[in-house]
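Asker: Input structure: upload.cif, which contains mmCIF, C-alpha atoms.
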data_entry
loop_
_atom_site.label_atom_id
_atom_site.label_comp_id
_atom_site.auth_asym_id
_atom_site.auth_seq_id
_atom_site.Cartn_x
_atom_site.Cartn_y
_atom_site.Cartn_z
CA MET R 22 -59.54 -62.12 49.05
CA ASP R 23 -57.91 -58.96 47.79
CA LEU R 24 -56.48 -58.32 44.35
CA ILE R 25 -52.84 -58.73 45.44
CA GLU R 26 -53.52 -62.21 46.85
CA GLN R 27 -55.38 -63.23 43.69
CA THR R 28 -52.46 -61.97 41.57
CA LYS R 29 -49.99 -63.99 43.67
CA ILE R 30 -52.11 -67.14 43.31
CA CYS R 31 -52.43 -66.64 39.54
CA PHE R 32 -48.68 -66.03 39.24
CA VAL R 33 -47.81 -69.21 41.17
CA GLU R 34 -50.26 -71.21 39.03
CA MET R 35 -48.75 -69.72 35.85
CA LEU R 36 -45.25 -70.76 36.97
CA ARG R 37 -46.49 -74.27 37.77
CA LEU R 38 -48.12 -74.66 34.36
CA ASN R 39 -45.04 -73.22 32.64
CA ASN R 40 -42.87 -75.84 34.37
CA ILE R 41 -45.21 -78.60 33.23
CA GLU R 42 -45.06 -77.30 29.64
CA GLU R 43 -41.25 -77.11 29.73
CA HIS R 44 -41.02 -80.64 31.12
CA MET R 45 -43.28 -81.93 28.33
CA LEU R 46 -41.22 -80.10 25.71
CA LYS R 47 -37.98 -81.51 27.12
CA GLN R 48 -39.28 -85.02 26.68
CA LYS R 49 -40.78 -84.43 23.25
CA ALA R 50 -37.72 -82.67 21.87
CA LYS R 51 -35.46 -85.62 22.78
CA VAL R 52 -32.52 -83.31 23.33
CA LYS R 53 -30.60 -82.27 26.41
CA TRP R 54 -32.22 -79.27 28.06
CA PRO R 55 -30.01 -76.18 27.69
CA LYS R 56 -29.53 -74.35 30.93
CA LEU R 57 -30.14 -70.83 29.67
CA GLY R 58 -32.54 -69.77 32.38
CA ASP R 59 -35.58 -69.08 30.21
CA GLY R 60 -38.42 -71.15 28.78
CA ASN R 61 -36.63 -71.87 25.47
CA ASN R 62 -40.05 -72.66 24.00
CA LYS R 63 -39.19 -71.24 20.57
CA TYR R 64 -36.11 -73.48 20.38
CA PHE R 65 -38.01 -76.61 21.40
CA TYR R 66 -40.97 -75.98 19.12
CA ALA R 67 -38.47 -75.57 16.25
CA THR R 68 -36.76 -78.82 17.27
CA LEU R 69 -40.09 -80.66 17.41
CA LYS R 70 -41.10 -79.27 14.03
CA ASN R 71 -37.80 -80.45 12.52
CA LYS R 72 -38.14 -83.93 14.06
CA THR R 73 -41.67 -84.41 12.74
CA LYS R 74 -40.86 -83.05 9.28
CA PRO R 75 -41.17 -85.85 6.70
CA ARG R 76 -37.88 -87.14 5.39
CA ASN R 77 -37.91 -88.14 1.73
CA ILE R 78 -35.39 -89.25 -0.83
CA VAL R 79 -35.71 -86.72 -3.66
CA SER R 80 -33.13 -88.19 -6.03
CA LEU R 81 -30.94 -91.27 -6.29
CA VAL R 82 -27.81 -91.99 -8.32
CA LYS R 83 -28.07 -95.40 -9.98
CA ASP R 84 -25.22 -97.88 -10.57
CA ASN R 85 -24.87 -96.73 -14.17
CA GLY R 86 -24.30 -93.13 -13.01
CA SER R 87 -27.69 -91.74 -14.07
CA THR R 88 -29.92 -89.94 -11.57
CA THR R 89 -33.56 -90.77 -10.97
CA GLN R 90 -36.38 -89.05 -9.12
CA ASN R 91 -38.94 -91.80 -9.69
CA GLN R 92 -40.16 -93.57 -6.52
CA ILE R 93 -40.64 -96.90 -8.33
CA GLU R 94 -37.07 -96.78 -9.62
CA PHE R 95 -35.91 -95.97 -6.06
CA LYS R 96 -37.45 -99.23 -4.83
CA ASP R 97 -35.88 -101.27 -7.62
CA GLU R 98 -32.46 -99.65 -7.25
CA ILE R 99 -32.38 -100.08 -3.47
CA SER R 100 -33.53 -103.72 -3.76
CA ASN R 101 -30.86 -104.45 -6.39
CA TYR R 102 -28.17 -102.81 -4.24
CA TYR R 103 -28.93 -104.92 -1.18
CA ASN R 104 -29.43 -108.09 -3.20
CA LYS R 105 -25.92 -107.64 -4.63
CA ILE R 106 -24.49 -107.22 -1.14
CA ILE R 107 -26.23 -110.36 0.14
CA VAL R 108 -25.23 -112.49 -2.85
CA THR R 109 -21.62 -111.26 -2.81
CA SER R 110 -21.19 -111.83 0.91
CA SER R 111 -22.78 -115.30 0.77
CA LEU R 112 -20.47 -116.34 -2.10
CA ASN R 113 -17.40 -115.19 -0.14
CA ARG R 114 -18.47 -116.91 3.07
CA LYS R 115 -16.69 -120.24 3.52
CA GLY R 116 -17.76 -120.98 7.09
CA ILE R 117 -16.73 -120.18 10.62
CA ASN R 118 -13.06 -120.69 11.39
CA ILE R 119 -13.05 -122.01 14.96
CA VAL R 120 -9.25 -121.69 15.26
CA ASP R 121 -9.39 -117.97 14.46
CA MET R 122 -12.31 -117.47 16.83
CA ARG R 123 -10.32 -119.02 19.69
CA LYS R 124 -7.60 -116.36 19.26
CA TRP R 125 -9.91 -113.64 20.61
CA ASN R 126 -11.30 -113.12 24.09
CA GLN R 127 -13.89 -115.69 25.09
CA ILE R 128 -16.42 -115.59 27.88
CA SER R 129 -16.13 -118.20 30.59
CA THR R 130 -18.80 -120.80 31.29
CA ALA R 131 -19.78 -118.88 34.44
CA GLN R 132 -20.11 -115.65 32.44
CA GLY R 133 -22.24 -117.46 29.86
CA GLN R 134 -24.52 -118.84 32.56
CA MET R 135 -24.83 -115.37 34.09
CA LEU R 136 -25.88 -113.97 30.71
CA MET R 137 -28.50 -116.70 30.32
CA ALA R 138 -29.89 -116.32 33.87
CA PRO R 139 -33.31 -114.70 34.31
CA ILE R 140 -33.23 -110.97 35.02
CA SER R 141 -34.10 -110.16 38.62
CA GLU R 142 -36.38 -107.36 39.75
CA ASP R 143 -33.45 -105.77 41.61
CA GLU R 144 -31.40 -105.63 38.38
CA VAL R 145 -34.28 -103.82 36.66
CA LYS R 146 -34.58 -101.35 39.56
CA ILE R 147 -30.84 -100.63 39.50
CA ALA R 148 -30.85 -100.08 35.73
CA LEU R 149 -33.92 -97.83 35.96
CA LYS R 150 -32.30 -95.69 38.68
CA ARG R 151 -29.32 -95.08 36.37
CA ILE R 152 -31.50 -93.56 33.62
CA ASN R 153 -31.80 -89.76 33.62
CA ASP R 154 -35.37 -88.65 34.41
CA ASN R 155 -35.53 -86.38 31.37
CA ASN R 156 -34.04 -88.75 28.83
CA ALA R 157 -35.83 -89.14 25.53
CA PRO R 158 -39.18 -90.83 25.85
CA GLY R 159 -39.55 -94.41 24.71
CA ILE R 160 -41.96 -95.91 22.23
CA VAL R 161 -44.96 -95.09 24.41
CA GLY R 162 -43.86 -91.45 24.79
CA PHE R 163 -43.07 -91.55 28.52
CA GLY R 164 -39.72 -90.56 30.02
CA ALA R 165 -37.98 -92.58 32.73
CA LYS R 166 -39.40 -90.47 35.55
CA ILE R 167 -42.90 -91.89 35.17
CA PHE R 168 -41.59 -95.46 35.51
CA LYS R 169 -39.52 -94.55 38.54
CA SER R 170 -42.55 -93.08 40.30
CA THR R 171 -44.58 -96.32 40.07
#
Would you put the structure from the file into structure tokens?

Answerer:
Amino acid sequence: MDLIEQTKICFVEMLRLNNIEEHMLKQKAKVKWPKLGDGNNKYFYATLKNKTKPRNIVSLVKDNGSTTQNQIEFKDEISNYYNKIIVTSSLNRKGINIVDMRKWNQISTAQGQMLMAPISEDEVKIALKRINDNNAPGIVGFGAKIFKST
């Protein structure tokens, strides 16, 4: 095999590997792929770096107006805030007003039965076909394309 043929083979292999890398980055970045015509690797590595950067609360304004940077006080302040919300809402709750609920749209008995029916395999296939192949990966890190191929 001559040098030109080897160069062509190497170039085709490089393009194939570049496409694989771009596809992986598209899924990891969890953003729509810009159609700029180049690899956009710098953009996606920056996006991945930003997404994996730890997010921390550095300061918190308390109810009394003072600011704290103490993690233990954060926990106490956040717990107190949500406890107040729960207690306040439970004190204001008098019960469900059936008359008011009947004023709004209701589902029919047939609609209710349809919602309670088991999900068929065809429904799953239809829903899966509607998902974009390059949408953000799920919990396991796989995009929709891998599930469509099985």

Asker: Between R:Met35, R:Val82, R:Ile41, R:Leu149, single out the one closest to R:Lys169, counting all atoms listed in the file.

Answerer: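 Under the stated criterion, the closest residue is R:Leu149.
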
Asker: Which value, in Å to one decimal, gives the distance between atom CA of R:Leu69 and atom CA of R:Phe168?

Answerer: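 Computing it gives 23.4 Å between the two atoms.
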
Asker: Pick out the closest residue to R:Ser100 from this set: R:Arg37, R:Lys83, R:Ile78, R:Ile117. Count all atoms listed in the file.

Answerer: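 Nearest candidate to R:Ser100 out of R:Arg37, R:Lys83, R:Ile78, R:Ile117: R:Lys83.
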
Asker: Once the PyMOL selection byres ((chain R and resi 98) around 12) has been evaluated on this model, what residues remain selected, and can you format them as a ChimeraX atom specification?

Answerer: /R:80-97,99-105

Asker: Considering all atoms listed in the file, state which residue in the set R:Asn155, R:Thr28, R:Asn118, R:Ser170 is at the smallest distance from R:Glu43.

Answerer: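 Among the listed residues, the smallest separation from R:Glu43 belongs to R:Asn155.
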
Asker: Give me, please, the distance in Å between atom CA of R:Asn153 and atom CA of R:Asn40, quoted to one decimal.

Answerer: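 Rounded to one decimal, the two atoms are 17.8 Å apart.
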
Asker: Tell me, in Å to one decimal, how far atom CA of R:Lys166 is from atom CA of R:Lys72.

Answerer: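 Atom CA of R:Lys166 sits 22.5 Å away from atom CA of R:Lys72.
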